[in-house]
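These notes concern the structure reproduced below.
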Amino acid sequence: MLNTTRILSAIAIAYFTAIPGLAQDNSADMIVATVNGTEITVGHMIVLRNNLPEQYDNLEDKVLFDGILDQIVQQTILAQTITSPTKATVIEMENQNRALLAGVAMTGLLEEAVTDEVIEAAYNEQYADIERPREFNASHILVETEEEALALVIELENGADFAALASEHSTGPSGPNGGQLGWFGPGMMVAPFEQAVLEMEDGQVSPPVQTQFGWHVIILNETRIPSAPAIDEVRAEIAEELQQAALAKIVESLTASADVSRVDLSEIDPAILRDIDLVLDR
């Protein structure tokens, strides 16, 4: 909207008169222009500016000020040409006003319900105060037969390099990478593979392990107990979860205490919502 063509600029100049003495008033109610008697204030400009995309943050204040003022003046001129809005337009304004007020109310209520203290308590419950399962870093060599796997175990016992054997013999996708599987936790590997790893110590090579994919020779490179993420890494995620839960409770409570009366809808065809002609003036 800010880059709207300047064709209307001449019209704007003809229709509005800037109010002198602006430097003496720094309030949001300071009038910066009038359009056929309709006042435009600094407050109008501030709110519009606050809703602009971030890309406008890099514009100089003077450029932004002039652009926003021109936009509001031109919008006011255009709006004043509508002396008898259609029913659809009136309803749309009512809907927008309702949605705006509901959004403002929701923001205020959630700020009260989801405080930093509440977020920190949820973080401690979800991350800091729980025992975290071990994670494993392992490599494997996948072959078709137990005999091939046993032969590889013997080579490893005789000092062969695990990664080199994996690159040469493994039929799995990790073979070219020396058989490295990276870090994984409980439930991420098929049961026989995971069970074998759980019984191993760091640096140990397993006997052949059979799964539906074939026969594995596994080396457990290392294990770790993962640390909890820093609260700032998950703050937004936690806040969103808490806000959704809080909003549901707030709306439920407000609805329970509100005087809501619904008419009998059994005779109303839901397809009526498609009939736009009902709100268009004829």
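Chain lettering (A, B, ...) mirrors the order of the structure tokens, residue numbering begins at 1 for each chain separately, and ligand numbering begins at 1 in order of display.
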**Request:** List every residue of segment 32-277 of chain A that DSSP, applied to the backbone of this structure, assigns to helix (DSSP H, G or I), and report them as a ChimeraX atom specification.
**Result:** /A:42-50,54-58,61-79,87-113,116-128,146-157,162-169,175-177,191-198,231-257,270-274,276-277
Residues from last step as file, C-alpha atoms, as a short mmCIF file (atom, residue, chain, number, x, y, z; two decimals), in the first residue's frame:
```cif
data_model
loop_
_atom_site.label_atom_id
_atom_site.label_comp_id
_atom_site.auth_asym_id
_atom_site.auth_seq_id
_atom_site.Cartn_x
_atom_site.Cartn_y
_atom_site.Cartn_z
CA VAL A 42 -0.33 11.10 14.43
CA GLY A 43 -2.03 8.18 16.17
CA HIS A 44 -3.55 7.04 12.87
CA MET A 45 -0.10 7.14 11.31
CA ILE A 46 1.60 5.32 14.19
CA VAL A 47 -0.86 2.42 14.08
CA LEU A 48 -0.53 2.08 10.31
CA ARG A 49 3.26 2.23 10.62
CA ASN A 50 3.23 -0.46 13.31
CA GLU A 54 9.54 -5.38 8.39
CA GLN A 55 10.91 -4.43 4.97
CA TYR A 56 9.82 -0.85 5.64
CA ASP A 57 12.03 -0.57 8.73
CA ASN A 58 14.97 0.46 6.57
CA ASP A 61 11.71 8.38 8.88
CA LYS A 62 10.92 11.33 6.61
CA VAL A 63 10.19 9.09 3.63
CA LEU A 64 8.01 6.82 5.74
CA PHE A 65 6.19 9.74 7.36
CA ASP A 66 5.34 11.36 4.03
CA GLY A 67 4.34 8.07 2.45
CA ILE A 68 2.04 7.07 5.30
CA LEU A 69 0.40 10.48 5.41
CA ASP A 70 -0.20 10.43 1.66
CA GLN A 71 -1.68 6.95 1.94
CA ILE A 72 -4.11 7.86 4.72
CA VAL A 73 -5.16 11.05 2.97
CA GLN A 74 -5.83 9.20 -0.29
CA GLN A 75 -7.69 6.41 1.50
CA THR A 76 -9.84 9.01 3.28
CA ILE A 77 -10.64 10.74 -0.01
CA LEU A 78 -11.66 7.44 -1.57
CA ALA A 79 -13.66 6.36 1.49
CA LYS A 87 -25.06 -4.14 3.48
CA ALA A 88 -22.10 -6.41 2.71
CA THR A 89 -19.68 -3.55 3.35
CA VAL A 90 -21.34 -2.64 6.66
CA ILE A 91 -21.26 -6.27 7.77
CA GLU A 92 -17.63 -6.59 6.71
CA MET A 93 -16.73 -3.57 8.86
CA GLU A 94 -18.60 -5.12 11.79
CA ASN A 95 -16.74 -8.40 11.28
CA GLN A 96 -13.38 -6.66 11.10
CA ASN A 97 -14.13 -4.59 14.20
CA ARG A 98 -15.19 -7.72 16.10
CA ALA A 99 -12.07 -9.62 15.02
CA LEU A 100 -9.80 -6.72 15.94
CA LEU A 101 -11.26 -6.35 19.43
CA ALA A 102 -11.18 -10.12 19.97
CA GLY A 103 -7.53 -10.19 18.97
CA VAL A 104 -6.66 -7.36 21.34
CA ALA A 105 -8.56 -9.07 24.16
CA MET A 106 -6.86 -12.39 23.44
CA THR A 107 -3.41 -10.81 23.49
CA GLY A 108 -4.04 -9.15 26.84
CA LEU A 109 -5.53 -12.25 28.44
CA LEU A 110 -2.71 -14.48 27.23
CA GLU A 111 -0.06 -12.06 28.49
CA GLU A 112 -1.60 -12.42 31.93
CA ALA A 113 -1.91 -16.21 31.71
CA ASP A 116 7.83 -15.85 32.02
CA GLU A 117 7.38 -17.70 35.31
CA VAL A 118 4.80 -20.03 33.76
CA ILE A 119 7.07 -20.70 30.79
CA GLU A 120 10.04 -21.45 33.06
CA ALA A 121 7.95 -23.85 35.14
CA ALA A 122 6.83 -25.68 31.99
CA TYR A 123 10.42 -25.82 30.77
CA ASN A 124 11.58 -27.39 34.01
CA GLU A 125 8.78 -29.94 33.86
CA GLN A 126 9.38 -30.86 30.21
CA TYR A 127 13.17 -30.69 30.05
CA ALA A 128 15.21 -29.83 33.12
CA GLU A 146 26.04 -64.85 8.77
CA GLU A 147 29.20 -66.39 7.33
CA GLU A 148 30.20 -63.07 5.77
CA ALA A 149 29.52 -61.29 9.05
CA LEU A 150 31.58 -63.79 11.06
CA ALA A 151 34.49 -63.37 8.64
CA LEU A 152 34.36 -59.60 9.13
CA VAL A 153 34.36 -59.97 12.92
CA ILE A 154 37.51 -62.08 12.67
CA GLU A 155 39.18 -59.45 10.50
CA LEU A 156 38.27 -56.75 13.01
CA GLU A 157 39.66 -58.85 15.87
CA PHE A 162 36.12 -50.91 10.63
CA ALA A 163 35.42 -47.99 8.30
CA ALA A 164 37.51 -49.51 5.54
CA LEU A 165 35.69 -52.84 5.79
CA ALA A 166 32.33 -51.09 5.77
CA SER A 167 33.25 -49.13 2.67
CA GLU A 168 34.34 -52.32 0.93
CA HIS A 169 31.72 -54.85 2.04
CA GLY A 175 28.69 -48.22 3.57
CA PRO A 176 30.39 -45.50 1.50
CA ASN A 177 30.52 -43.40 4.66
CA ALA A 191 14.58 -54.16 17.78
CA PRO A 192 17.44 -56.70 17.32
CA PHE A 193 19.85 -53.93 16.35
CA GLU A 194 18.83 -51.73 19.29
CA GLN A 195 19.02 -54.62 21.77
CA ALA A 196 22.56 -55.43 20.64
CA VAL A 197 23.65 -51.82 21.05
CA LEU A 198 22.10 -51.60 24.52
CA ILE A 231 15.31 -22.46 27.62
CA ASP A 232 15.72 -19.77 24.96
CA GLU A 233 15.93 -22.47 22.28
CA VAL A 234 12.47 -23.80 23.14
CA ARG A 235 10.84 -20.75 24.71
CA ALA A 236 8.74 -19.94 21.63
CA GLU A 237 7.58 -23.55 21.28
CA ILE A 238 6.64 -23.79 24.96
CA ALA A 239 4.90 -20.41 24.88
CA GLU A 240 2.81 -21.45 21.88
CA GLU A 241 1.72 -24.68 23.57
CA LEU A 242 0.83 -22.86 26.78
CA GLN A 243 -1.04 -20.14 24.90
CA GLN A 244 -3.17 -22.65 23.02
CA ALA A 245 -4.09 -24.42 26.25
CA ALA A 246 -4.71 -21.15 28.10
CA LEU A 247 -6.82 -19.73 25.28
CA ALA A 248 -9.04 -22.82 25.23
CA LYS A 249 -9.63 -22.48 28.98
CA ILE A 250 -10.24 -18.73 28.76
CA VAL A 251 -12.75 -19.04 25.94
CA GLU A 252 -14.49 -21.92 27.73
CA SER A 253 -14.75 -19.89 30.93
CA LEU A 254 -15.95 -16.72 29.20
CA THR A 255 -18.49 -18.67 27.17
CA ALA A 256 -19.83 -20.38 30.29
CA SER A 257 -20.45 -17.01 31.96
CA PRO A 270 -26.35 -24.41 5.78
CA ALA A 271 -25.95 -23.72 2.06
CA ILE A 272 -27.38 -20.26 2.75
CA LEU A 273 -23.80 -19.14 3.39
CA ARG A 274 -23.17 -19.39 -0.35
CA ILE A 276 -23.95 -13.65 -1.48
CA ASP A 277 -26.97 -11.97 -3.10
#
```
**Request:** Can you work out which one of A:Gly214, A:Glu267, A:Glu144, A:Ser139 has the shortest atom-to-atom distance to Gly179 of chain A, counting only C-alpha atoms?
**Result:**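 The answer is A:Ser139, which sits nearest to Gly179 of chain A.
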**Request:** Excluding Asn137 of chain A and any residue of its chain fewer than 4 positions from it, enumerate the residues within 7 Å of it, using only C-alpha atoms, and give them as a ChimeraX atom specification.
**Result:** /A:181-184,220-223
Pull N, CA, C and O atoms from the residues just selected and write them as a PDB file, in the first residue's frame.
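Done, and the output landed in result.pdb:
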```
ATOM      1  N   LEU A 181      26.355 -44.369  11.338  1.00  0.00           N
ATOM      2  CA  LEU A 181      24.914 -44.151  11.474  1.00  0.00           C
ATOM      3  C   LEU A 181      24.587 -42.866  12.218  1.00  0.00           C
ATOM      4  O   LEU A 181      23.432 -42.450  12.263  1.00  0.00           O
ATOM      5  N   GLY A 182      25.589 -42.245  12.804  1.00  0.00           N
ATOM      6  CA  GLY A 182      25.346 -41.033  13.581  1.00  0.00           C
ATOM      7  C   GLY A 182      24.678 -41.334  14.909  1.00  0.00           C
ATOM      8  O   GLY A 182      24.674 -42.469  15.384  1.00  0.00           O
ATOM      9  N   TRP A 183      24.100 -40.310  15.513  1.00  0.00           N
ATOM     10  CA  TRP A 183      23.467 -40.447  16.824  1.00  0.00           C
ATOM     11  C   TRP A 183      22.016 -40.900  16.674  1.00  0.00           C
ATOM     12  O   TRP A 183      21.299 -40.444  15.783  1.00  0.00           O
ATOM     13  N   PHE A 184      21.593 -41.795  17.541  1.00  0.00           N
ATOM     14  CA  PHE A 184      20.206 -42.231  17.558  1.00  0.00           C
ATOM     15  C   PHE A 184      19.817 -42.597  18.980  1.00  0.00           C
ATOM     16  O   PHE A 184      20.655 -42.906  19.828  1.00  0.00           O
ATOM     17  N   LEU A 220      30.049 -49.822  18.547  1.00  0.00           N
ATOM     18  CA  LEU A 220      29.482 -48.707  19.306  1.00  0.00           C
ATOM     19  C   LEU A 220      30.586 -47.687  19.519  1.00  0.00           C
ATOM     20  O   LEU A 220      31.519 -47.912  20.285  1.00  0.00           O
ATOM     21  N   ASN A 221      30.497 -46.575  18.821  1.00  0.00           N
ATOM     22  CA  ASN A 221      31.548 -45.563  18.888  1.00  0.00           C
ATOM     23  C   ASN A 221      31.547 -44.832  20.225  1.00  0.00           C
ATOM     24  O   ASN A 221      32.579 -44.686  20.869  1.00  0.00           O
ATOM     25  N   GLU A 222      30.369 -44.383  20.659  1.00  0.00           N
ATOM     26  CA  GLU A 222      30.262 -43.703  21.957  1.00  0.00           C
ATOM     27  C   GLU A 222      28.801 -43.553  22.338  1.00  0.00           C
ATOM     28  O   GLU A 222      27.896 -43.714  21.519  1.00  0.00           O
ATOM     29  N   THR A 223      28.587 -43.260  23.607  1.00  0.00           N
ATOM     30  CA  THR A 223      27.237 -42.995  24.113  1.00  0.00           C
ATOM     31  C   THR A 223      27.241 -41.669  24.849  1.00  0.00           C
ATOM     32  O   THR A 223      28.307 -41.139  25.223  1.00  0.00           O
TER      33      THR A 223
END
```
**Prompt:** In Å, how far is it from atom CA of Gln180 of chain A to atom CA of Ala138 of chain A?
**Reply:** 6.3 Å
**Message:** Residues of segment 31-181 of chain A classed as strand (DSSP E) by DSSP on the backbone are to be reported as a list in words.
**Reply:**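 Result set for segment 31-181 of chain A (strand (DSSP E)): Ile31, Val32, Ala33, Thr34, Val35, Thr38, Glu39, Ile40, Thr41, Glu135, Phe136, Asn137, Ala138, Ser139, His140, Ile141, Leu142, Val143, Gln180 and Leu181 of chain A.
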Those selected residues, please, written with C-alpha atoms and delivered as an mmCIF file, in the first residue's frame.
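Final output, saved to part_13.cif:
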```cif
data_model
loop_
_atom_site.group_PDB
_atom_site.id
_atom_site.type_symbol
_atom_site.label_atom_id
_atom_site.label_comp_id
_atom_site.auth_asym_id
_atom_site.auth_seq_id
_atom_site.Cartn_x
_atom_site.Cartn_y
_atom_site.Cartn_z
ATOM 1 C CA ILE A 31 -3.785 16.534 13.942
ATOM 2 C CA VAL A 32 -1.555 16.357 10.889
ATOM 3 C CA ALA A 33 -4.195 16.887 8.208
ATOM 4 C CA THR A 34 -7.911 17.201 7.559
ATOM 5 C CA VAL A 35 -9.779 15.839 4.585
ATOM 6 C CA THR A 38 -12.170 14.452 8.711
ATOM 7 C CA GLU A 39 -9.145 14.671 11.002
ATOM 8 C CA ILE A 40 -6.009 12.575 10.515
ATOM 9 C CA THR A 41 -3.800 12.288 13.592
ATOM 10 C CA GLU A 135 21.817 -41.812 22.885
ATOM 11 C CA PHE A 136 24.189 -43.928 20.826
ATOM 12 C CA ASN A 137 26.672 -43.278 18.056
ATOM 13 C CA ALA A 138 27.345 -46.472 16.108
ATOM 14 C CA SER A 139 28.598 -47.777 12.786
ATOM 15 C CA HIS A 140 27.713 -51.035 11.101
ATOM 16 C CA ILE A 141 28.561 -53.320 8.224
ATOM 17 C CA LEU A 142 25.563 -54.934 6.544
ATOM 18 C CA VAL A 143 26.017 -58.175 4.610
ATOM 19 C CA GLN A 180 28.484 -44.428 10.224
ATOM 20 C CA LEU A 181 24.914 -44.151 11.474
#
```
**Message:** So the first atom is atom CA of Ser170 of chain A and the second is atom CA of Pro208 of chain A; what is the distance between them in Å, to one decimal place?
**Reply:**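 Taking atom CA of Ser170 of chain A as the start and atom CA of Pro208 of chain A as the end point, the length is 13.2 Å.
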**Request:** Between atom CA of Val209 of chain A and atom CA of Pro133 of chain A, measure the distance and give it in Å to one decimal.
**Result:**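 So the two atoms, atom CA of Val209 of chain A and atom CA of Pro133 of chain A, lie 23.0 Å apart.
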**Message:** Ranking A:Ala258, A:Met200, A:Val190, A:Ile219 by minimum distance to Gly178 of chain A and counting only C-alpha atoms, which one comes first?
**Reply:**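 Of A:Ala258, A:Met200, A:Val190, A:Ile219, the one nearest Gly178 of chain A is A:Ile219, counting only C-alpha atoms.
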